[in-house]
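Asks: Contents are compact mmCIF, C-alpha atoms; file name my_file00.txt:
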# COMPACT_ATOMS: atom_id res chain seq x y z
CA MET A 1 -1.38 -15.16 -1.65
CA ASN A 2 -4.85 -15.18 -0.11
CA PRO A 3 -5.68 -12.77 2.71
CA LEU A 4 -4.74 -14.13 6.12
CA PRO A 5 -5.42 -12.99 9.69
CA TYR A 6 -2.82 -10.80 11.39
CA ALA A 7 -1.94 -13.45 13.99
CA GLU A 8 -1.24 -15.94 11.20
CA ALA A 9 0.91 -13.40 9.32
CA ILE A 10 3.01 -12.78 12.43
CA ALA A 11 3.38 -16.54 12.95
CA ILE A 12 4.67 -16.89 9.37
CA LEU A 13 7.07 -13.96 9.89
CA ALA A 14 8.43 -15.60 13.06
CA GLU A 15 8.76 -19.02 11.39
CA GLU A 16 10.62 -17.55 8.43
CA GLU A 17 12.98 -15.63 10.72
CA ARG A 18 13.97 -18.97 12.27
CA GLY A 19 14.85 -20.20 8.77
CA ASP A 20 16.27 -18.29 5.80
CA GLY A 21 14.76 -15.00 6.95
CA TRP A 22 11.59 -13.03 6.38
CA LEU A 23 12.96 -10.94 3.52
CA ALA A 24 14.16 -14.07 1.72
CA PHE A 25 10.63 -15.50 2.02
CA CYS A 26 9.09 -12.27 0.68
CA GLU A 27 11.52 -12.20 -2.24
CA ARG A 28 10.70 -15.83 -3.12
CA GLU A 29 6.98 -15.07 -2.96
CA ASN A 30 7.33 -11.63 -4.63
CA LEU A 31 5.61 -9.98 -1.65
CA TYR A 32 5.94 -6.38 -0.57
CA GLN A 33 2.83 -6.05 1.59
CA LEU A 34 1.01 -9.07 2.98
CA PRO A 35 -2.75 -9.11 2.36
CA VAL A 36 -3.67 -9.21 6.05
CA VAL A 37 -7.43 -9.42 6.69
CA GLU A 38 -7.53 -6.72 9.37
CA TRP A 39 -5.29 -4.42 7.29
CA LEU A 40 -7.52 -4.84 4.23
CA ASP A 41 -10.65 -4.20 6.31
CA ALA A 42 -9.15 -1.01 7.77
CA LEU A 43 -8.13 0.17 4.27
CA ARG A 44 -11.65 -0.56 3.03
CA GLU A 45 -13.14 1.60 5.80
CA GLU A 46 -10.79 4.50 5.01
CA ILE A 47 -11.53 4.34 1.28
CA LEU A 48 -15.30 3.93 1.56
CA ALA A 49 -15.50 6.82 4.06
CA LEU A 50 -14.19 9.09 1.30
CA ALA A 51 -16.88 7.85 -1.15
CA PRO A 52 -14.66 8.23 -4.23
CA GLU A 53 -16.43 8.15 -7.59
CA ALA A 54 -13.48 7.00 -9.72
CA PRO A 55 -10.99 5.03 -7.58
CA LEU A 56 -7.86 3.63 -9.22
CA GLU A 57 -4.90 1.56 -8.09
CA VAL A 58 -1.63 2.49 -9.79
CA GLY A 59 1.21 -0.05 -9.79
CA ALA A 60 -1.09 -2.93 -8.83
CA GLY A 61 1.47 -5.62 -9.65
CA ASP A 62 -0.37 -8.94 -9.83
CA GLY A 63 -3.45 -7.30 -8.31
CA THR A 64 -3.41 -9.21 -5.01
CA ILE A 65 -4.18 -6.20 -2.80
CA GLY A 66 -6.54 -4.49 -5.26
CA LYS A 67 -8.54 -7.66 -5.86
CA ALA A 68 -8.84 -8.23 -2.11
CA LEU A 69 -10.18 -4.67 -1.76
CA GLN A 70 -12.60 -5.27 -4.64
CA ALA A 71 -13.85 -8.39 -2.83
CA ARG A 72 -14.54 -6.10 0.16
CA GLY A 73 -16.73 -3.74 -1.87
CA VAL A 74 -14.21 -1.15 -3.06
CA ASN A 75 -14.95 -0.39 -6.72
CA LEU A 76 -11.26 -0.07 -7.62
CA LYS A 77 -9.81 -0.20 -11.14
CA LEU A 78 -6.37 -1.84 -11.25
CA SER A 79 -3.49 -0.70 -13.45
CA ASP A 80 0.13 -1.78 -13.76
CA PRO A 81 2.67 -1.49 -16.59
CA ALA A 82 3.01 -5.30 -16.70
CA GLY A 83 -0.74 -5.75 -17.22
CA ARG A 84 -1.07 -9.07 -15.43
CA GLU A 85 -4.44 -10.83 -15.31
CA GLY A 86 -7.09 -8.53 -13.92
CA THR A 87 -5.03 -5.35 -14.30
CA GLU A 88 -4.90 -2.90 -17.19
CA ALA A 89 -1.49 -2.63 -18.86
CA LEU A 90 -0.99 1.05 -18.06
CA GLY A 91 1.79 3.01 -16.44
CA ALA A 92 0.88 5.70 -13.93
CA ARG A 93 0.73 8.61 -16.38
CA ASP A 94 -1.50 6.79 -18.89
CA ALA A 95 -3.77 5.37 -16.17
CA LEU A 96 -4.24 8.85 -14.70
CA ILE A 97 -5.10 10.34 -18.10
CA ILE A 98 -7.47 7.55 -19.18
CA HIS A 99 -9.34 7.14 -15.88
CA ALA A 100 -9.19 10.70 -14.44
CA PRO A 101 -9.50 9.28 -10.91
CA ASP A 102 -10.59 11.28 -7.89
CA PHE A 103 -8.87 8.70 -5.64
CA VAL A 104 -5.62 6.76 -6.21
CA PHE A 105 -4.28 3.89 -4.15
CA SER A 106 -0.72 2.62 -4.46
CA CYS A 107 1.23 0.09 -2.48
CA TRP A 108 5.04 0.07 -2.54
CA LEU A 109 5.57 1.94 -5.79
CA PRO A 110 9.22 1.86 -6.87
CA TYR A 111 10.94 4.69 -5.02
CA ASP A 112 12.52 6.22 -8.11
CA SER A 113 9.72 5.67 -10.65
CA GLY A 114 8.38 9.23 -10.53
CA ALA A 115 4.84 7.81 -10.25
CA GLU A 116 4.08 9.47 -6.91
CA GLN A 117 4.80 12.90 -8.36
CA GLN A 118 2.67 12.09 -11.43
CA ILE A 119 -0.17 11.03 -9.13
CA LEU A 120 -0.04 14.18 -7.01
CA GLU A 121 0.00 16.34 -10.15
CA ALA A 122 -3.19 14.75 -11.56
CA MET A 123 -5.78 17.51 -11.66
CA SER A 124 -8.77 15.17 -11.17
CA LEU A 125 -7.35 13.81 -7.92
CA HIS A 126 -8.78 14.63 -4.48
CA TRP A 127 -7.16 11.81 -2.44
CA TYR A 128 -4.06 9.67 -2.66
CA LEU A 129 -3.66 6.72 -0.30
CA ALA A 130 -0.03 5.60 -0.44
CA VAL A 131 1.46 2.57 1.28
CA VAL A 132 5.20 3.17 1.42
CA GLN A 133 8.31 1.79 3.05
CA GLN A 134 9.25 3.82 6.09
CA GLY A 135 12.53 3.74 7.92
CA PRO A 136 14.83 6.01 9.87
CA GLY A 137 14.53 9.40 8.23
CA TYR A 138 12.45 8.42 5.19
CA ALA A 139 9.01 7.31 4.02
CA GLY A 140 8.42 6.86 0.30
CA SER A 141 9.85 9.32 -2.19
CA GLU A 142 10.60 13.00 -1.66
CA ALA A 143 7.72 13.87 -4.00
CA LEU A 144 5.26 12.80 -1.31
CA TRP A 145 6.56 15.26 1.24
CA ASP A 146 7.26 18.15 -1.12
CA ALA A 147 3.78 18.47 -2.63
CA PRO A 148 2.31 21.95 -2.22
CA GLY A 149 -1.46 22.00 -1.87
CA TRP A 150 -1.73 18.61 -0.15
CA SER A 151 -2.30 17.74 3.49
CA VAL A 152 -1.34 14.34 4.87
CA ARG A 153 -2.27 12.10 7.75
CA GLU A 154 -0.92 8.75 8.81
CA LEU A 155 -3.57 6.02 8.82
CA SER A 156 -2.89 4.64 12.29
CA GLU A 157 -5.65 2.01 12.31
CA VAL A 158 -4.47 0.66 8.96
CA ASN A 159 -0.85 0.69 10.11
CA ASN A 160 -1.70 -1.28 13.27
CA TRP A 161 -2.29 -4.32 11.02
CA SER A 162 0.44 -3.76 8.43
CA VAL A 163 2.87 -6.60 7.69
CA SER A 164 5.43 -5.83 4.97
CA ARG A 165 8.64 -7.29 3.61
CA ALA A 166 10.70 -4.75 5.60
CA ASP A 167 9.13 -5.66 8.97
CA PHE A 168 10.71 -7.72 11.73
CA LEU A 169 10.14 -8.88 15.28
CA SER A 170 12.34 -7.42 18.02
CA GLU A 171 13.42 -11.00 18.81
CA VAL A 172 13.95 -13.50 15.99
CA ASP A 173 10.76 -15.41 16.70
CA SER A 174 8.90 -13.23 19.21
CA GLY A 175 8.72 -9.76 20.65
CA GLU A 176 7.41 -6.48 19.33
CA HIS A 177 6.38 -6.24 15.67
CA VAL A 178 8.45 -3.46 14.10
CA ARG A 179 6.57 -2.10 11.09
CA HIS A 180 8.01 -0.42 8.01
CA GLY A 181 5.08 -0.57 5.56
CA MET A 182 3.04 2.53 6.42
CA ALA A 183 -0.14 4.02 4.93
CA TYR A 184 -0.70 7.75 4.48
CA LEU A 185 -3.71 9.62 3.09
CA PHE A 186 -2.95 12.75 1.08
CA THR A 187 -5.86 15.15 0.57
CA ARG A 188 -5.84 18.02 -1.89
CA GLU A 189 -6.41 21.30 -0.06
CA GLU A 190 -9.22 23.41 -1.44
Written as structure tokens, that's how I'd like the structure from this file.
Replies:
Amino acid sequence: MNPLPYAEAIAILAEEERGDGWLAFCERENLYQLPVVEWLDALREEILALAPEAPLEVGAGDGTIGKALQARGVNLKLSDPAGREGTEALGARDALIIHAPDFVFSCWLPYDSGAEQQILEAMSLHWYLAVVQQGPGYAGSEALWDAPGWSVRELSEVNNWSVSRADFLSEVDSGEHVRHGMAYLFTREE
């Protein structure tokens, strides 16, 4: 899916809710996080402000988000165990060893994959930007919140534009946008 403006993403969400449902649409399209223009631009600003020297995306899937960030000037290497076109066929552990990144980006890693813990244990890493599913009482895996030596902040500007498969409108086709795909920046404490 090509990047689309936030207003268009919300219109699609509302239209799908009037039909088979937003989640059904996302499952058909294999979408976890929509590549929303404003969301991508806000991510770009956060990443470039850090000035990472060796940025890497882990679990890039088909590379939709990573390629959109590359098109916005983020020099990001893409890795995923499936190794689809434009991504290296590497799991998290191997990608971290081979690339020794100072910055890792991930978007909706499988909750029980252990990848988040592997990322936070990588000695070369200074920053980890994780987009995770958030809901009542949880956000991503426990490894994210039980990582000594790391500070965390929610990326509010990024999250203002987030549209994920777990989102909904407070009314079927209108109302407040309730978000569940949230971005957090983890920084290794010196």
Asks: Enter the distance from CA of Leu155 (chain A) to CA of Gly140 (chain A), in Å, rounded to one decimal.
Replies: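 Distance between the two atoms: 14.7 Å.
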Asks: Can you find the residues with an atom no farther than 8 Å from (-6.8, 18.5, -3.5), counting all atoms listed in the file, and report them as an MDAnalysis selection string?
Replies: chainID A and resid 125:127 149:150 187:190
Asks: For Pro148 (chain A), which residue out of A:Glu8, A:Glu121, A:Phe168, A:Gln133 is the nearest one, using only C-alpha atoms?
Replies: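 Result for the nearest residue to Pro148 (chain A): A:Glu121.
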Asks: I want to know what sits within 10 Å of region 29-32 of chain A, based on all atoms listed in the file, with residues of the same chain fewer than 2 positions away left out; could you give that as JSON, numbers by chain?
Replies: {"A": [1, 23, 24, 25, 26, 27, 34, 35, 61, 62, 64, 107, 108, 109, 132, 133, 163, 164, 165, 166, 181]}
Asks: Have a look at CA of Arg93 (chain A) and CA of Lys77 (chain A) and let me know their distance in Å, one decimal.
Replies: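 Value for the CA of Arg93 (chain A)-CA of Lys77 (chain A) distance: 14.7 Å.
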Asks: Show me, as a list in words, the residues that have an atom within 12 Å of Ala139 (chain A) when counting only C-alpha atoms, minus same-chain residues fewer than 3 positions from it.
Replies: Trp108, Leu109, Tyr111, Ala130, Val131, Val132, Gln133, Gln134, Gly135, Pro136, Glu142, Ala143, Leu144, Trp145, Glu154, His180, Gly181, Met182, Ala183 and Tyr184 of chain A
Asks: Could you tell me how far CA of Pro3 (chain A) lies from CA of Leu56 (chain A), in Å and to one decimal?
Replies: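 Those two atoms sit 20.4 Å apart.
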Asks: Can you find the residues with an atom no farther than 7 Å from (-4.2, -5.3, 2.7), counting only C-alpha atoms, and report them as a list in words?
Replies: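 Checked against the point, the hits come out as Leu34, Pro35, Val36, Val37, Trp39, Leu40, Leu43 and Ile65 of chain A.
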Asks: Identify which of the residues A:Tyr6, A:Gly63, A:Pro110, A:Val104 lies closest to Ala89 (chain A), counting only C-alpha atoms when measuring atom-to-atom distances.
Replies: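 For Ala89 (chain A), the nearest of the candidates is A:Gly63.
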Asks: Quick one: region 124-149 of chain A with N, CA, C and O atoms, as a short mmCIF file (atom, residue, chain, number, x, y, z; two decimals), keeping the file's coordinate frame?
Replies:
data_model
loop_
_atom_site.label_atom_id
_atom_site.label_comp_id
_atom_site.auth_asym_id
_atom_site.auth_seq_id
_atom_site.Cartn_x
_atom_site.Cartn_y
_atom_site.Cartn_z
N SER A 124 -7.49 15.76 -11.59
CA SER A 124 -8.77 15.17 -11.17
C SER A 124 -8.73 14.64 -9.74
O SER A 124 -9.76 14.37 -9.14
N LEU A 125 -7.55 14.52 -9.18
CA LEU A 125 -7.35 13.81 -7.92
C LEU A 125 -7.71 14.65 -6.70
O LEU A 125 -7.30 15.80 -6.57
N HIS A 126 -8.47 14.02 -5.78
CA HIS A 126 -8.78 14.63 -4.48
C HIS A 126 -8.01 13.94 -3.36
O HIS A 126 -7.65 14.58 -2.38
N TRP A 127 -7.79 12.60 -3.50
CA TRP A 127 -7.16 11.81 -2.44
C TRP A 127 -6.14 10.85 -3.04
O TRP A 127 -6.37 10.29 -4.11
N TYR A 128 -5.08 10.67 -2.30
CA TYR A 128 -4.06 9.67 -2.66
C TYR A 128 -3.71 8.90 -1.40
O TYR A 128 -3.19 9.47 -0.44
N LEU A 129 -4.00 7.60 -1.41
CA LEU A 129 -3.66 6.72 -0.30
C LEU A 129 -2.43 5.93 -0.71
O LEU A 129 -2.51 5.09 -1.62
N ALA A 130 -1.31 6.21 -0.08
CA ALA A 130 -0.03 5.60 -0.44
C ALA A 130 0.46 4.71 0.69
O ALA A 130 0.53 5.15 1.84
N VAL A 131 0.79 3.47 0.35
CA VAL A 131 1.46 2.57 1.28
C VAL A 131 2.92 2.56 0.85
O VAL A 131 3.23 2.20 -0.30
N VAL A 132 3.80 2.98 1.76
CA VAL A 132 5.20 3.17 1.42
C VAL A 132 6.09 2.52 2.47
O VAL A 132 5.66 2.27 3.59
N GLN A 133 7.33 2.27 2.08
CA GLN A 133 8.31 1.79 3.05
C GLN A 133 8.79 2.97 3.87
O GLN A 133 9.16 4.01 3.34
N GLN A 134 8.77 2.78 5.18
CA GLN A 134 9.25 3.82 6.09
C GLN A 134 10.43 3.27 6.86
O GLN A 134 10.47 2.09 7.20
N GLY A 135 11.36 4.12 7.13
CA GLY A 135 12.53 3.74 7.92
C GLY A 135 13.10 4.97 8.58
O GLY A 135 12.50 6.05 8.51
N PRO A 136 14.23 4.84 9.21
CA PRO A 136 14.83 6.01 9.87
C PRO A 136 15.07 7.15 8.88
O PRO A 136 15.84 7.02 7.95
N GLY A 137 14.32 8.22 9.04
CA GLY A 137 14.53 9.40 8.23
C GLY A 137 13.89 9.40 6.86
O GLY A 137 14.08 10.34 6.10
N TYR A 138 13.08 8.39 6.51
CA TYR A 138 12.45 8.42 5.19
C TYR A 138 11.11 7.68 5.21
O TYR A 138 10.86 6.84 6.05
N ALA A 139 10.27 8.01 4.27
CA ALA A 139 9.01 7.31 4.02
C ALA A 139 8.62 7.61 2.59
O ALA A 139 8.24 8.73 2.26
N GLY A 140 8.75 6.63 1.71
CA GLY A 140 8.42 6.86 0.30
C GLY A 140 9.39 7.83 -0.34
O GLY A 140 10.48 8.08 0.15
N SER A 141 8.97 8.40 -1.46
CA SER A 141 9.85 9.32 -2.19
C SER A 141 9.69 10.75 -1.68
O SER A 141 8.72 11.10 -1.02
N GLU A 142 10.64 11.59 -2.05
CA GLU A 142 10.60 13.00 -1.66
C GLU A 142 9.37 13.70 -2.23
O GLU A 142 8.87 14.65 -1.63
N ALA A 143 8.88 13.24 -3.37
CA ALA A 143 7.72 13.87 -4.00
C ALA A 143 6.50 13.87 -3.08
O ALA A 143 5.69 14.79 -3.11
N LEU A 144 6.39 12.86 -2.23
CA LEU A 144 5.26 12.80 -1.31
C LEU A 144 5.28 13.93 -0.30
O LEU A 144 4.23 14.44 0.10
N TRP A 145 6.44 14.30 0.13
CA TRP A 145 6.56 15.26 1.24
C TRP A 145 6.86 16.67 0.76
O TRP A 145 6.97 17.59 1.56
N ASP A 146 7.00 16.83 -0.54
CA ASP A 146 7.26 18.15 -1.12
C ASP A 146 6.18 18.45 -2.15
O ASP A 146 6.46 18.77 -3.30
N ALA A 147 4.91 18.29 -1.73
CA ALA A 147 3.78 18.47 -2.63
C ALA A 147 2.91 19.62 -2.13
O ALA A 147 2.05 19.43 -1.27
N PRO A 148 3.13 20.82 -2.65
CA PRO A 148 2.31 21.95 -2.22
C PRO A 148 0.84 21.71 -2.55
O PRO A 148 0.51 21.12 -3.58
N GLY A 149 -0.03 22.13 -1.63
CA GLY A 149 -1.46 22.00 -1.87
C GLY A 149 -2.05 20.69 -1.38
O GLY A 149 -3.22 20.42 -1.64
#
